[in-house]
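K.L.:
Coordinates in run34.pdb, PDB, C-alpha atoms and all ligand atoms, are listed below.
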ATOM      1  CA  MET A 498     -29.618 -20.620  18.770  1.00  0.00           C
ATOM      2  CA  MET A 499     -26.449 -21.293  16.797  1.00  0.00           C
ATOM      3  CA  ILE A 500     -24.196 -18.295  16.389  1.00  0.00           C
ATOM      4  CA  LYS A 501     -22.013 -18.504  13.348  1.00  0.00           C
ATOM      5  CA  LYS A 502     -18.507 -17.233  14.049  1.00  0.00           C
ATOM      6  CA  VAL A 503     -17.266 -15.267  11.094  1.00  0.00           C
ATOM      7  CA  THR A 504     -13.492 -15.429  10.767  1.00  0.00           C
ATOM      8  CA  ASP A 505     -11.873 -12.136  11.702  1.00  0.00           C
ATOM      9  CA  PRO A 506      -9.786 -10.442   9.035  1.00  0.00           C
ATOM     10  CA  ALA A 507      -6.003 -10.524   9.374  1.00  0.00           C
ATOM     11  CA  ILE A 508      -3.112  -9.125   7.353  1.00  0.00           C
ATOM     12  CA  HIS A 509      -1.163 -11.948   5.707  1.00  0.00           C
ATOM     13  CA  GLN A 510       1.904 -11.708   3.534  1.00  0.00           C
ATOM     14  CA  ALA A 511       1.416 -12.860  -0.059  1.00  0.00           C
ATOM     15  CA  ALA A 512       4.092 -14.068  -2.476  1.00  0.00           C
ATOM     16  CA  SER A 513       2.554 -11.856  -5.145  1.00  0.00           C
ATOM     17  CA  ILE A 514      -0.610 -10.103  -6.244  1.00  0.00           C
ATOM     18  CA  VAL A 515      -0.787  -9.832 -10.001  1.00  0.00           C
ATOM     19  CA  GLY A 516      -2.584  -6.885 -11.572  1.00  0.00           C
ATOM     20  CA  ARG A 517      -2.943  -5.608 -15.130  1.00  0.00           C
ATOM     21  CA  SER A 518       0.521  -4.144 -15.648  1.00  0.00           C
ATOM     22  CA  ILE A 519       2.173  -4.513 -12.247  1.00  0.00           C
ATOM     23  CA  LYS A 520       2.691  -7.070  -9.570  1.00  0.00           C
ATOM     24  CA  LEU A 521       2.929  -6.539  -5.822  1.00  0.00           C
ATOM     25  CA  ARG A 522       5.665  -8.928  -4.738  1.00  0.00           C
ATOM     26  CA  ASN A 523       6.625  -9.753  -1.164  1.00  0.00           C
ATOM     27  CA  VAL A 524       9.872  -7.963  -0.299  1.00  0.00           C
ATOM     28  CA  LYS A 525      13.045 -10.007   0.075  1.00  0.00           C
ATOM     29  CA  PRO A 526      16.418  -9.133   1.661  1.00  0.00           C
ATOM     30  CA  ASP A 527      17.921  -8.423  -1.782  1.00  0.00           C
ATOM     31  CA  ASP A 528      15.496  -5.493  -2.178  1.00  0.00           C
ATOM     32  CA  ALA A 529      17.295  -3.591   0.595  1.00  0.00           C
ATOM     33  CA  GLY A 530      19.408  -1.461  -1.787  1.00  0.00           C
ATOM     34  CA  PHE A 531      16.418  -0.508  -3.916  1.00  0.00           C
ATOM     35  CA  ILE A 532      14.344   0.443  -0.856  1.00  0.00           C
ATOM     36  CA  VAL A 533      17.110   2.549   0.696  1.00  0.00           C
ATOM     37  CA  ASP A 534      17.671   4.402  -2.609  1.00  0.00           C
ATOM     38  CA  LEU A 535      13.964   5.050  -3.050  1.00  0.00           C
ATOM     39  CA  ARG A 536      13.286   6.212   0.508  1.00  0.00           C
ATOM     40  CA  THR A 537      16.369   8.383   0.837  1.00  0.00           C
ATOM     41  CA  ASN A 538      15.677  10.137  -2.472  1.00  0.00           C
ATOM     42  CA  GLU A 539      15.410  13.824  -1.617  1.00  0.00           C
ATOM     43  CA  LYS A 540      12.135  14.410  -3.423  1.00  0.00           C
ATOM     44  CA  LYS A 541      10.454  11.107  -2.570  1.00  0.00           C
ATOM     45  CA  GLY A 542      11.497  11.084   1.082  1.00  0.00           C
ATOM     46  CA  ARG A 543      10.025  14.446   1.980  1.00  0.00           C
ATOM     47  CA  PHE A 544       6.778  13.218   3.518  1.00  0.00           C
ATOM     48  CA  ILE A 545       7.731   9.785   4.818  1.00  0.00           C
ATOM     49  CA  SER A 546       9.524   8.729   7.992  1.00  0.00           C
ATOM     50  CA  SER A 547      13.275   8.888   7.615  1.00  0.00           C
ATOM     51  CA  THR A 548      15.278   5.840   6.615  1.00  0.00           C
ATOM     52  CA  SER A 549      18.864   4.927   7.431  1.00  0.00           C
ATOM     53  CA  GLN A 550      21.289   4.813   4.480  1.00  0.00           C
ATOM     54  CA  ASP A 551      22.627   1.529   5.873  1.00  0.00           C
ATOM     55  CA  ILE A 552      21.670  -1.243   3.432  1.00  0.00           C
ATOM     56  CA  ASN A 553      22.621  -3.941   5.898  1.00  0.00           C
ATOM     57  CA  GLU A 554      20.266  -2.498   8.498  1.00  0.00           C
ATOM     58  CA  GLN A 555      17.477  -2.526   5.889  1.00  0.00           C
ATOM     59  CA  LYS A 556      18.321  -6.152   5.061  1.00  0.00           C
ATOM     60  CA  GLN A 557      18.018  -7.115   8.729  1.00  0.00           C
ATOM     61  CA  TRP A 558      14.709  -5.275   8.933  1.00  0.00           C
ATOM     62  CA  ILE A 559      13.392  -7.257   5.945  1.00  0.00           C
ATOM     63  CA  LYS A 560      14.546 -10.552   7.479  1.00  0.00           C
ATOM     64  CA  ARG A 561      12.678  -9.752  10.696  1.00  0.00           C
ATOM     65  CA  TYR A 562       9.646  -8.699   8.654  1.00  0.00           C
ATOM     66  CA  LEU A 563       9.598 -12.027   6.781  1.00  0.00           C
ATOM     67  CA  SER A 564       9.208 -13.964  10.005  1.00  0.00           C
ATOM     68  CA  SER A 565       6.740 -11.505  11.549  1.00  0.00           C
ATOM     69  CA  GLU A 566       2.961 -11.401  11.450  1.00  0.00           C
ATOM     70  CA  GLY A 567       0.450  -8.659  10.893  1.00  0.00           C
ATOM     71  CA  GLN A 568       2.076  -6.799   8.048  1.00  0.00           C
ATOM     72  CA  ALA A 569       2.591  -7.261   4.329  1.00  0.00           C
ATOM     73  CA  TYR A 570       5.328  -5.285   2.582  1.00  0.00           C
ATOM     74  CA  PHE A 571       5.441  -5.332  -1.196  1.00  0.00           C
ATOM     75  CA  ILE A 572       7.692  -4.238  -4.014  1.00  0.00           C
ATOM     76  CA  ILE A 573       5.688  -2.723  -6.882  1.00  0.00           C
ATOM     77  CA  GLU A 574       7.267  -4.181 -10.013  1.00  0.00           C
ATOM     78  CA  ASP A 575       6.477  -4.623 -13.694  1.00  0.00           C
ATOM     79  CA  PHE A 576       6.110  -8.036 -15.311  1.00  0.00           C
ATOM     80  CA  ASN A 577       9.823  -8.087 -16.162  1.00  0.00           C
ATOM     81  CA  GLY A 578      10.609  -7.872 -12.458  1.00  0.00           C
ATOM     82  CA  HIS A 579      11.807  -4.269 -12.653  1.00  0.00           C
ATOM     83  CA  PRO A 580      11.093  -2.581  -9.285  1.00  0.00           C
ATOM     84  CA  TYR A 581       9.370   0.810  -9.212  1.00  0.00           C
ATOM     85  CA  GLY A 582       8.096   1.249  -5.685  1.00  0.00           C
ATOM     86  CA  THR A 583       6.890  -0.072  -2.347  1.00  0.00           C
ATOM     87  CA  VAL A 584       3.617  -0.341  -0.472  1.00  0.00           C
ATOM     88  CA  ARG A 585       2.813  -1.844   2.916  1.00  0.00           C
ATOM     89  CA  MET A 586      -0.198  -2.992   4.934  1.00  0.00           C
ATOM     90  CA  TYR A 587       0.068  -2.887   8.742  1.00  0.00           C
ATOM     91  CA  ASP A 588      -1.591  -1.738  11.999  1.00  0.00           C
ATOM     92  CA  GLN A 589      -4.819  -3.707  11.890  1.00  0.00           C
ATOM     93  CA  GLN A 590      -7.511  -2.154  14.055  1.00  0.00           C
ATOM     94  CA  GLU A 591     -10.382  -4.628  14.226  1.00  0.00           C
ATOM     95  CA  ASN A 592     -11.812  -4.777  10.709  1.00  0.00           C
ATOM     96  CA  SER A 593      -9.744  -1.862   9.406  1.00  0.00           C
ATOM     97  CA  PHE A 594      -6.247  -2.096   7.966  1.00  0.00           C
ATOM     98  CA  CYS A 595      -3.687   0.649   7.558  1.00  0.00           C
ATOM     99  CA  TRP A 596      -1.609   1.043   4.448  1.00  0.00           C
ATOM    100  CA  GLY A 597       1.376   3.249   3.647  1.00  0.00           C
ATOM    101  CA  SER A 598       5.126   3.169   2.948  1.00  0.00           C
ATOM    102  CA  TRP A 599       3.777   4.040  -0.464  1.00  0.00           C
ATOM    103  CA  VAL A 600       6.600   5.340  -2.628  1.00  0.00           C
ATOM    104  CA  ILE A 601       6.930   5.077  -6.388  1.00  0.00           C
ATOM    105  CA  SER A 602       9.974   6.190  -8.381  1.00  0.00           C
ATOM    106  CA  ALA A 603       9.748   9.093 -10.805  1.00  0.00           C
ATOM    107  CA  GLU A 604      10.432   6.726 -13.731  1.00  0.00           C
ATOM    108  CA  ALA A 605       7.208   4.756 -13.196  1.00  0.00           C
ATOM    109  CA  PRO A 606       4.311   5.174 -15.650  1.00  0.00           C
ATOM    110  CA  ALA A 607       1.590   7.450 -14.182  1.00  0.00           C
ATOM    111  CA  HIS A 608      -1.005   4.693 -13.686  1.00  0.00           C
ATOM    112  CA  PHE A 609       1.246   2.606 -11.377  1.00  0.00           C
ATOM    113  CA  ALA A 610       0.052   4.691  -8.400  1.00  0.00           C
ATOM    114  CA  ILE A 611      -3.633   4.036  -8.941  1.00  0.00           C
ATOM    115  CA  GLU A 612      -3.126   0.396  -9.953  1.00  0.00           C
ATOM    116  CA  SER A 613      -1.047  -0.324  -6.827  1.00  0.00           C
ATOM    117  CA  ALA A 614      -3.675   1.291  -4.572  1.00  0.00           C
ATOM    118  CA  LEU A 615      -6.477  -0.715  -6.208  1.00  0.00           C
ATOM    119  CA  LEU A 616      -4.515  -3.960  -5.800  1.00  0.00           C
ATOM    120  CA  ILE A 617      -4.030  -3.247  -2.099  1.00  0.00           C
ATOM    121  CA  TYR A 618      -7.758  -2.627  -1.682  1.00  0.00           C
ATOM    122  CA  GLN A 619      -8.707  -5.741  -3.601  1.00  0.00           C
ATOM    123  CA  TYR A 620      -6.296  -7.845  -1.550  1.00  0.00           C
ATOM    124  CA  ALA A 621      -7.584  -6.315   1.708  1.00  0.00           C
ATOM    125  CA  LEU A 622     -11.185  -7.168   0.789  1.00  0.00           C
ATOM    126  CA  SER A 623     -10.112 -10.739   0.034  1.00  0.00           C
ATOM    127  CA  LEU A 624      -8.644 -10.903   3.572  1.00  0.00           C
ATOM    128  CA  GLY A 625     -12.014  -9.815   4.959  1.00  0.00           C
ATOM    129  CA  PHE A 626     -11.322  -6.166   5.800  1.00  0.00           C
ATOM    130  CA  GLU A 627     -14.216  -3.706   5.833  1.00  0.00           C
ATOM    131  CA  ARG A 628     -12.331  -0.414   6.095  1.00  0.00           C
ATOM    132  CA  ALA A 629      -8.946   1.224   5.566  1.00  0.00           C
ATOM    133  CA  HIS A 630      -7.131   3.921   7.527  1.00  0.00           C
ATOM    134  CA  PHE A 631      -3.999   5.923   6.836  1.00  0.00           C
ATOM    135  CA  ASP A 632      -2.135   9.096   7.784  1.00  0.00           C
ATOM    136  CA  VAL A 633      -0.889  11.665   5.334  1.00  0.00           C
ATOM    137  CA  ARG A 634       1.488  14.558   6.083  1.00  0.00           C
ATOM    138  CA  LYS A 635      -0.323  17.878   5.859  1.00  0.00           C
ATOM    139  CA  GLY A 636       1.931  19.231   3.115  1.00  0.00           C
ATOM    140  CA  ASN A 637       1.586  16.141   0.926  1.00  0.00           C
ATOM    141  CA  LEU A 638      -1.062  17.733  -1.255  1.00  0.00           C
ATOM    142  CA  SER A 639      -1.021  15.326  -4.194  1.00  0.00           C
ATOM    143  CA  VAL A 640      -1.465  12.320  -1.893  1.00  0.00           C
ATOM    144  CA  ILE A 641      -4.228  14.088   0.045  1.00  0.00           C
ATOM    145  CA  LYS A 642      -5.968  14.697  -3.263  1.00  0.00           C
ATOM    146  CA  PHE A 643      -5.428  11.099  -4.322  1.00  0.00           C
ATOM    147  CA  HIS A 644      -7.145   9.688  -1.204  1.00  0.00           C
ATOM    148  CA  GLU A 645      -9.952  12.235  -1.165  1.00  0.00           C
ATOM    149  CA  ARG A 646     -10.811  11.332  -4.776  1.00  0.00           C
ATOM    150  CA  PHE A 647     -11.354   7.790  -3.487  1.00  0.00           C
ATOM    151  CA  GLY A 648     -13.786   9.153  -0.890  1.00  0.00           C
ATOM    152  CA  ALA A 649     -11.472   9.022   2.149  1.00  0.00           C
ATOM    153  CA  GLU A 650     -12.835  10.924   5.148  1.00  0.00           C
ATOM    154  CA  ARG A 651     -10.757  12.931   7.601  1.00  0.00           C
ATOM    155  CA  THR A 652     -11.152  11.443  11.078  1.00  0.00           C
ATOM    156  CA  ASP A 653      -8.513  13.334  13.061  1.00  0.00           C
ATOM    157  CA  GLU A 654      -5.406  15.402  12.751  1.00  0.00           C
ATOM    158  CA  THR A 655      -2.176  16.035  14.619  1.00  0.00           C
ATOM    159  CA  GLU A 656       0.271  18.881  14.144  1.00  0.00           C
ATOM    160  CA  LEU A 657       1.940  16.863  11.377  1.00  0.00           C
ATOM    161  CA  ASP A 658      -0.633  14.508   9.887  1.00  0.00           C
ATOM    162  CA  ILE A 659      -4.198  14.148   8.701  1.00  0.00           C
ATOM    163  CA  HIS A 660      -5.839  10.816   9.607  1.00  0.00           C
ATOM    164  CA  TYR A 661      -8.159   9.269   7.078  1.00  0.00           C
ATOM    165  CA  SER A 662     -10.628   6.436   6.954  1.00  0.00           C
ATOM    166  CA  LEU A 663     -12.118   4.811   3.870  1.00  0.00           C
ATOM    167  CA  SER A 664     -15.233   2.658   4.048  1.00  0.00           C
ATOM    168  CA  LYS A 665     -15.806  -0.622   2.227  1.00  0.00           C
ATOM    169  CA  GLU A 666     -18.545   1.081   0.238  1.00  0.00           C
ATOM    170  CA  ASN A 667     -16.069   3.671  -1.072  1.00  0.00           C
ATOM    171  CA  ILE A 668     -13.454   0.966  -1.694  1.00  0.00           C
ATOM    172  CA  LEU A 669     -15.959  -0.982  -3.772  1.00  0.00           C
ATOM    173  CA  SER A 670     -17.039   2.055  -5.749  1.00  0.00           C
ATOM    174  CA  ALA A 671     -13.394   3.001  -6.469  1.00  0.00           C
ATOM    175  CA  LEU A 672     -12.714  -0.561  -7.649  1.00  0.00           C
ATOM    176  CA  GLU A 673     -15.694  -0.271  -9.977  1.00  0.00           C
ATOM    177  CA  LYS A 674     -14.947   3.263 -11.169  1.00  0.00           C
ATOM    178  CA  PHE A 675     -11.296   2.504 -11.935  1.00  0.00           C
ATOM    179  CA  LYS A 676     -11.732  -1.064 -13.121  1.00  0.00           C
ATOM    180  CA  LYS A 677      -9.949  -0.315 -16.398  1.00  0.00           C
ATOM    181  CA  TYR A 678      -6.713  -0.285 -14.339  1.00  0.00           C
ATOM    182  CA  LEU A 679      -7.295  -3.864 -13.199  1.00  0.00           C
ATOM    183  CA  PRO A 680      -7.464  -7.220 -14.976  1.00  0.00           C
ATOM    184  CA  ASP A 681     -10.719  -9.220 -14.923  1.00  0.00           C
ATOM    185  CA  HIS A 682      -9.191 -11.502 -12.358  1.00  0.00           C
ATOM    186  CA  ILE A 683      -6.506 -10.576  -9.846  1.00  0.00           C
ATOM    187  CA  LEU A 684      -4.237 -13.492  -9.082  1.00  0.00           C
ATOM    188  CA  ILE A 685      -3.131 -13.817  -5.455  1.00  0.00           C
ATOM    189  CA  ASN A 686      -0.210 -16.185  -4.883  1.00  0.00           C
ATOM    190  CA  GLN A 687       0.147 -17.242  -1.249  1.00  0.00           C
ATOM    191  CA  VAL A 688       3.552 -17.323   0.435  1.00  0.00           C
TER
HETATM  192  C1  LIG B 701       2.524   8.523  -3.124  1.00  0.00           C
HETATM  193  C2  LIG B 701       2.911   8.245  -4.542  1.00  0.00           C
HETATM  194  C3  LIG B 701       3.310   6.780  -4.703  1.00  0.00           C
HETATM  195  C4  LIG B 701       1.685   8.506  -5.418  1.00  0.00           C
HETATM  196  O1  LIG B 701       2.029   8.360  -6.766  1.00  0.00           O
HETATM  197  P1  LIG B 701       1.765   9.525  -7.822  1.00  0.00           P
HETATM  198  O2  LIG B 701       2.214   9.034  -9.127  1.00  0.00           O
HETATM  199  O3  LIG B 701       2.320  10.802  -7.291  1.00  0.00           O
HETATM  200  O4  LIG B 701       0.180   9.624  -7.781  1.00  0.00           O
HETATM  201  P2  LIG B 701      -0.728  10.698  -8.511  1.00  0.00           P
HETATM  202  O5  LIG B 701      -1.705  11.174  -7.525  1.00  0.00           O
HETATM  203  O6  LIG B 701       0.099  11.722  -9.245  1.00  0.00           O
HETATM  204  O7  LIG B 701      -1.458   9.785  -9.565  1.00  0.00           O
HETATM  205  C5  LIG B 701      -0.834   9.313 -10.755  1.00  0.00           C
HETATM  206  C6  LIG B 701      -1.713   9.598 -11.943  1.00  0.00           C
HETATM  207  O8  LIG B 701      -2.970   8.970 -11.768  1.00  0.00           O
HETATM  208  C7  LIG B 701      -3.995   9.948 -11.823  1.00  0.00           C
HETATM  209  N1  LIG B 701      -4.976   9.673 -10.773  1.00  0.00           N
HETATM  210  C8  LIG B 701      -4.710   9.503  -9.473  1.00  0.00           C
HETATM  211  N2  LIG B 701      -5.821   9.279  -8.786  1.00  0.00           N
HETATM  212  C9  LIG B 701      -6.810   9.341  -9.692  1.00  0.00           C
HETATM  213  C10 LIG B 701      -8.197   9.221  -9.583  1.00  0.00           C
HETATM  214  N3  LIG B 701      -8.793   8.963  -8.444  1.00  0.00           N
HETATM  215  N4  LIG B 701      -8.910   9.348 -10.714  1.00  0.00           N
HETATM  216  C11 LIG B 701      -8.330   9.578 -11.885  1.00  0.00           C
HETATM  217  N5  LIG B 701      -7.019   9.705 -12.040  1.00  0.00           N
HETATM  218  C12 LIG B 701      -6.269   9.582 -10.950  1.00  0.00           C
HETATM  219  C13 LIG B 701      -3.308  11.265 -11.532  1.00  0.00           C
HETATM  220  O9  LIG B 701      -3.986  12.361 -12.107  1.00  0.00           O
HETATM  221  C14 LIG B 701      -1.967  11.079 -12.139  1.00  0.00           C
HETATM  222  O10 LIG B 701      -1.990  11.289 -13.533  1.00  0.00           O
HETATM  223  P3  LIG B 701      -1.081  12.423 -14.198  1.00  0.00           P
HETATM  224  O11 LIG B 701       0.326  12.034 -13.851  1.00  0.00           O
HETATM  225  O12 LIG B 701      -1.417  12.305 -15.633  1.00  0.00           O
HETATM  226  O13 LIG B 701      -1.521  13.679 -13.538  1.00  0.00           O
HETATM  227  C15 LIG B 701       4.066   9.152  -5.029  1.00  0.00           C
HETATM  228  O14 LIG B 701       3.645  10.503  -5.079  1.00  0.00           O
HETATM  229  C16 LIG B 701       5.282   9.099  -4.146  1.00  0.00           C
HETATM  230  O15 LIG B 701       6.146   8.266  -4.292  1.00  0.00           O
HETATM  231  N6  LIG B 701       5.383  10.063  -3.193  1.00  0.00           N
HETATM  232  C17 LIG B 701       6.497  10.162  -2.273  1.00  0.00           C
HETATM  233  C18 LIG B 701       6.277   9.321  -1.035  1.00  0.00           C
HETATM  234  C19 LIG B 701       5.029   9.700  -0.278  1.00  0.00           C
HETATM  235  O16 LIG B 701       4.830  10.869   0.034  1.00  0.00           O
HETATM  236  N7  LIG B 701       4.197   8.697   0.007  1.00  0.00           N
HETATM  237  C20 LIG B 701       2.934   8.881   0.662  1.00  0.00           C
HETATM  238  C21 LIG B 701       3.070   8.742   2.116  1.00  0.00           C
HETATM  239  S1  LIG B 701       1.480   8.911   2.860  1.00  0.00           S
END
Is it possible to give me this structure as structure tokens?
P.N.:
Amino acid sequence: MMIKKVTDPAIHQAASIVGRSIKLRNVKPDDAGFIVDLRTNEKKGRFISSTSQDINEQKQWIKRYLSSEGQAYFIIEDFNGHPYGTVRMYDQQENSFCWGSWVISAEAPAHFAIESALLIYQYALSLGFERAHFDVRKGNLSVIKFHERFGAERTDETELDIHYSLSKENILSALEKFKKYLPDHILINQV
């Protein structure tokens, strides 16, 4: 009997993923200043891992990222190229991908959060993933609410974090339910 080998999913960087009002664009070394400002913002940095103020260190990190495999780190920007946030895919575990480093500046329109999450899910499905996982700090109530509205299930917890998992079925129903935030066709530009 012939057994058809289905290609395993893998996280690949993309040059850009174009949505309805935002684009996820692969980070570049010149984004270092923006990322440091965003992540060291007192309000925004409360529930994420701490970041050095050193822009040069961030630049080096981005350079290493660009030649690495297994993660995709994006700037969330509008169609004029104005940056509003970041989001990252990493830590593949079989057919599940992790996403995080999700930070959006206070100046961004309210729907940028949901649109960026939907773009990540759509991209992940196109890479062949069947599930997502992520950790959220226990005090991060608005983000907990955000993920639970998508149907994320608690799988574990530590003193600090709640671990979540989201099935493909829930990803697909969120994409359908919130389709007004997406264009008819999402353009994915390869690196
Ligand atoms: C995480 C982050 C990017 C999320 O963005 P956000 O704008 O706070 O997301 P919200 O949950 O407020 O959603 C934005 C809007 O979409 C709406 N929305 C979100 N999910 C929705 C859903 N499932 N259905 C309908 N509306 C939804 C919200 O009600 C909100 O609208 P409002 O502003 O009119 O109330 C942002 O809070 C942030 O930068 N946080 C700091 C960093 C951080 O903690 N990151 C997470 C690490 S795990």
K.L.:
Mind giving me the axis-aligned box for ligand LIG 701 (chain B) with 6 Å on every side, centre plus edges in Å to one decimal, as AutoDock Vina command-line options?
P.N.:
--center_x -1.2 --center_y 10.2 --center_z -6.4 --size_x 27.4 --size_y 18.9 --size_z 30.5
K.L.:
Which residue out of A:Ser593, A:Ser546, A:Ser513, A:Ser664 has the minimum interatomic distance to ligand LIG 701 (chain B) when only C-alpha atoms and all ligand atoms are used?
P.N.:
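Among the listed residues, A:Ser546 lies closest to ligand LIG 701 (chain B).
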K.L.:
I need the output of the PyMOL selection byres (((not hetatm)) within 8 of (chain B and resi 701)) for this file as a compact mmCIF listing (two decimals) with C-alpha atoms, in the frame of the given file; which residues are they?
P.N.:
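The file below, expr01.txt, is the result:
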# COMPACT_ATOMS: atom_id res chain seq x y z
CA ARG A 536 13.29 6.21 0.51
CA LYS A 540 12.14 14.41 -3.42
CA LYS A 541 10.45 11.11 -2.57
CA GLY A 542 11.50 11.08 1.08
CA ARG A 543 10.02 14.45 1.98
CA PHE A 544 6.78 13.22 3.52
CA ILE A 545 7.73 9.78 4.82
CA GLY A 582 8.10 1.25 -5.68
CA GLY A 597 1.38 3.25 3.65
CA SER A 598 5.13 3.17 2.95
CA TRP A 599 3.78 4.04 -0.46
CA VAL A 600 6.60 5.34 -2.63
CA ILE A 601 6.93 5.08 -6.39
CA SER A 602 9.97 6.19 -8.38
CA ALA A 603 9.75 9.09 -10.80
CA ALA A 605 7.21 4.76 -13.20
CA PRO A 606 4.31 5.17 -15.65
CA ALA A 607 1.59 7.45 -14.18
CA HIS A 608 -1.00 4.69 -13.69
CA PHE A 609 1.25 2.61 -11.38
CA ALA A 610 0.05 4.69 -8.40
CA ILE A 611 -3.63 4.04 -8.94
CA PHE A 631 -4.00 5.92 6.84
CA ASP A 632 -2.13 9.10 7.78
CA VAL A 633 -0.89 11.66 5.33
CA ARG A 634 1.49 14.56 6.08
CA ASN A 637 1.59 16.14 0.93
CA SER A 639 -1.02 15.33 -4.19
CA VAL A 640 -1.46 12.32 -1.89
CA LYS A 642 -5.97 14.70 -3.26
CA PHE A 643 -5.43 11.10 -4.32
CA HIS A 644 -7.14 9.69 -1.20
CA ARG A 646 -10.81 11.33 -4.78
CA PHE A 647 -11.35 7.79 -3.49
CA ALA A 671 -13.39 3.00 -6.47
CA PHE A 675 -11.30 2.50 -11.94
K.L.:
Need the shell around Ile685 (chain A): protein/DNA/RNA residues with any atom at most 8 Å away, counting all atoms listed in the file. Skip same-chain ones fewer than 3 positions apart. Format as number ranges by chain?
P.N.:
A: 511-515, 620
K.L.:
Nearest to Lys635 (chain A): which of A:Gln589, A:Thr655, A:Thr583, A:Ser662 is it, counting all atoms listed in the file?
P.N.:
A:Thr655
K.L.:
Could you tell me, as a list in words, exactly which residues end up selected when the PyMOL selection byres (((chain A and resi 595) around 10) and not hetatm) is applied to this structure?
P.N.:
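Applied to this file, the PyMOL selection byres (((chain A and resi 595) around 10) and not hetatm) selects Ile508, Gln568, Arg585, Met586, Tyr587, Asp588, Gln589, Gln590, Ser593, Phe594, Trp596, Gly597, Ala621, Arg628, Ala629, His630, Phe631, Asp632, Tyr661 and Ser662 of chain A.
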K.L.:
Please write the residues picked by the PyMOL selection byres (((chain A and resi 518) around 9) and not hetatm) on this file as a list of chain:residue names.
P.N.:
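Those residues are A:Val515, A:Gly516, A:Arg517, A:Ile519, A:Lys520, A:Glu574, A:Asp575, A:Phe576, A:Phe609, A:Glu612, A:Tyr678, A:Leu679, A:Pro680.
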K.L.:
Can you tell me, as a list in words, what residues are no more than 10 Å from Ser565 (chain A) when counting only C-alpha atoms, ignoring any on the same chain fewer than 5 positions away?
P.N.:
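Listed by chain and then number, they are His509, Gln510, Ile559 and Lys560 of chain A.
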K.L.:
Find the distance between CA of Arg651 (chain A) and CA of Asp505 (chain A) and write it in Å to one decimal.
P.N.:
25.4 Å
K.L.:
What's the separation between CA of Gln619 (chain A) and CA of Val533 (chain A), in Å to one decimal place?
P.N.:
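For CA of Gln619 (chain A) relative to CA of Val533 (chain A), the distance reads 27.5 Å.
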K.L.:
From the options A:Gly567, A:Lys676, A:Gly530, A:Tyr562, which residue's atoms come nearest to Ser549 (chain A), counting all atoms listed in the file?
P.N.:
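With all atoms listed in the file as the atom set, the closest residue is A:Gly530.
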K.L.:
Considering all atoms listed in the file, state which residue in the set A:Ile659, A:Ile573, A:Ile683, A:Leu616 is at the smallest distance from Val524 (chain A).
P.N.:
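Looking only at the distances to Val524 (chain A), the closest residue turns out to be A:Ile573.
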K.L.:
Using all atoms listed in the file, which of A:Leu622, A:Gln687, A:Ile641, A:Asp681 sits nearest Glu666 (chain A)?
P.N.:
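Selected residue with least distance to Glu666 (chain A): A:Leu622.
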K.L.:
Which residue is closest to Leu672 (chain A)? Choose from A:Phe626, A:Tyr618, A:Phe531, A:Phe571 and count only C-alpha atoms.
P.N.:
A:Tyr618
K.L.:
What does the structure give for the distance between CA of Asn523 (chain A) and CA of Glu591 (chain A), in Å to one decimal?
P.N.:
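Distance between the two atoms: 23.5 Å.
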K.L.:
With only C-alpha atoms as the counted atoms, please give the residues lying no more than 9 Å from Asn553 (chain A), apart from itself and same-chain residues fewer than 4 positions off, as a PyMOL selection string.
P.N.:
chain A and resi 529-530+557-558
K.L.:
Taking the block just given, write region 540-549 of chain A to a file that holds N, CA and C atoms, as a PDB file, in the first residue's frame.
P.N.:
ATOM      1  N   LYS A 540       3.079  51.037  30.350  1.00  0.00           N
ATOM      2  CA  LYS A 540       1.768  50.390  30.340  1.00  0.00           C
ATOM      3  C   LYS A 540       1.793  49.108  29.491  1.00  0.00           C
ATOM      4  N   LYS A 541       2.416  49.208  28.336  1.00  0.00           N
ATOM      5  CA  LYS A 541       2.416  48.080  27.391  1.00  0.00           C
ATOM      6  C   LYS A 541       3.318  46.936  27.851  1.00  0.00           C
ATOM      7  N   GLY A 542       4.367  47.286  28.613  1.00  0.00           N
ATOM      8  CA  GLY A 542       5.356  46.267  28.968  1.00  0.00           C
ATOM      9  C   GLY A 542       5.015  45.461  30.208  1.00  0.00           C
ATOM     10  N   ARG A 543       3.881  45.752  30.805  1.00  0.00           N
ATOM     11  CA  ARG A 543       3.560  45.164  32.104  1.00  0.00           C
ATOM     12  C   ARG A 543       3.494  43.640  32.105  1.00  0.00           C
ATOM     13  N   PHE A 544       2.953  43.072  31.044  1.00  0.00           N
ATOM     14  CA  PHE A 544       2.722  41.621  31.026  1.00  0.00           C
ATOM     15  C   PHE A 544       3.553  40.887  29.982  1.00  0.00           C
ATOM     16  N   ILE A 545       4.648  41.511  29.556  1.00  0.00           N
ATOM     17  CA  ILE A 545       5.515  40.821  28.589  1.00  0.00           C
ATOM     18  C   ILE A 545       6.914  40.715  29.185  1.00  0.00           C
ATOM     19  N   SER A 546       7.753  39.833  28.606  1.00  0.00           N
ATOM     20  CA  SER A 546       9.092  39.695  29.177  1.00  0.00           C
ATOM     21  C   SER A 546       9.872  40.985  28.937  1.00  0.00           C
ATOM     22  N   SER A 547      10.757  41.291  29.868  1.00  0.00           N
ATOM     23  CA  SER A 547      11.401  42.607  29.826  1.00  0.00           C
ATOM     24  C   SER A 547      12.395  42.712  28.667  1.00  0.00           C
ATOM     25  N   THR A 548      12.563  43.926  28.201  1.00  0.00           N
ATOM     26  CA  THR A 548      13.381  44.205  27.026  1.00  0.00           C
ATOM     27  C   THR A 548      14.444  45.227  27.399  1.00  0.00           C
ATOM     28  N   SER A 549      15.650  45.023  26.899  1.00  0.00           N
ATOM     29  CA  SER A 549      16.718  45.997  27.139  1.00  0.00           C
ATOM     30  C   SER A 549      16.419  47.294  26.380  1.00  0.00           C
TER      31      SER A 549
END
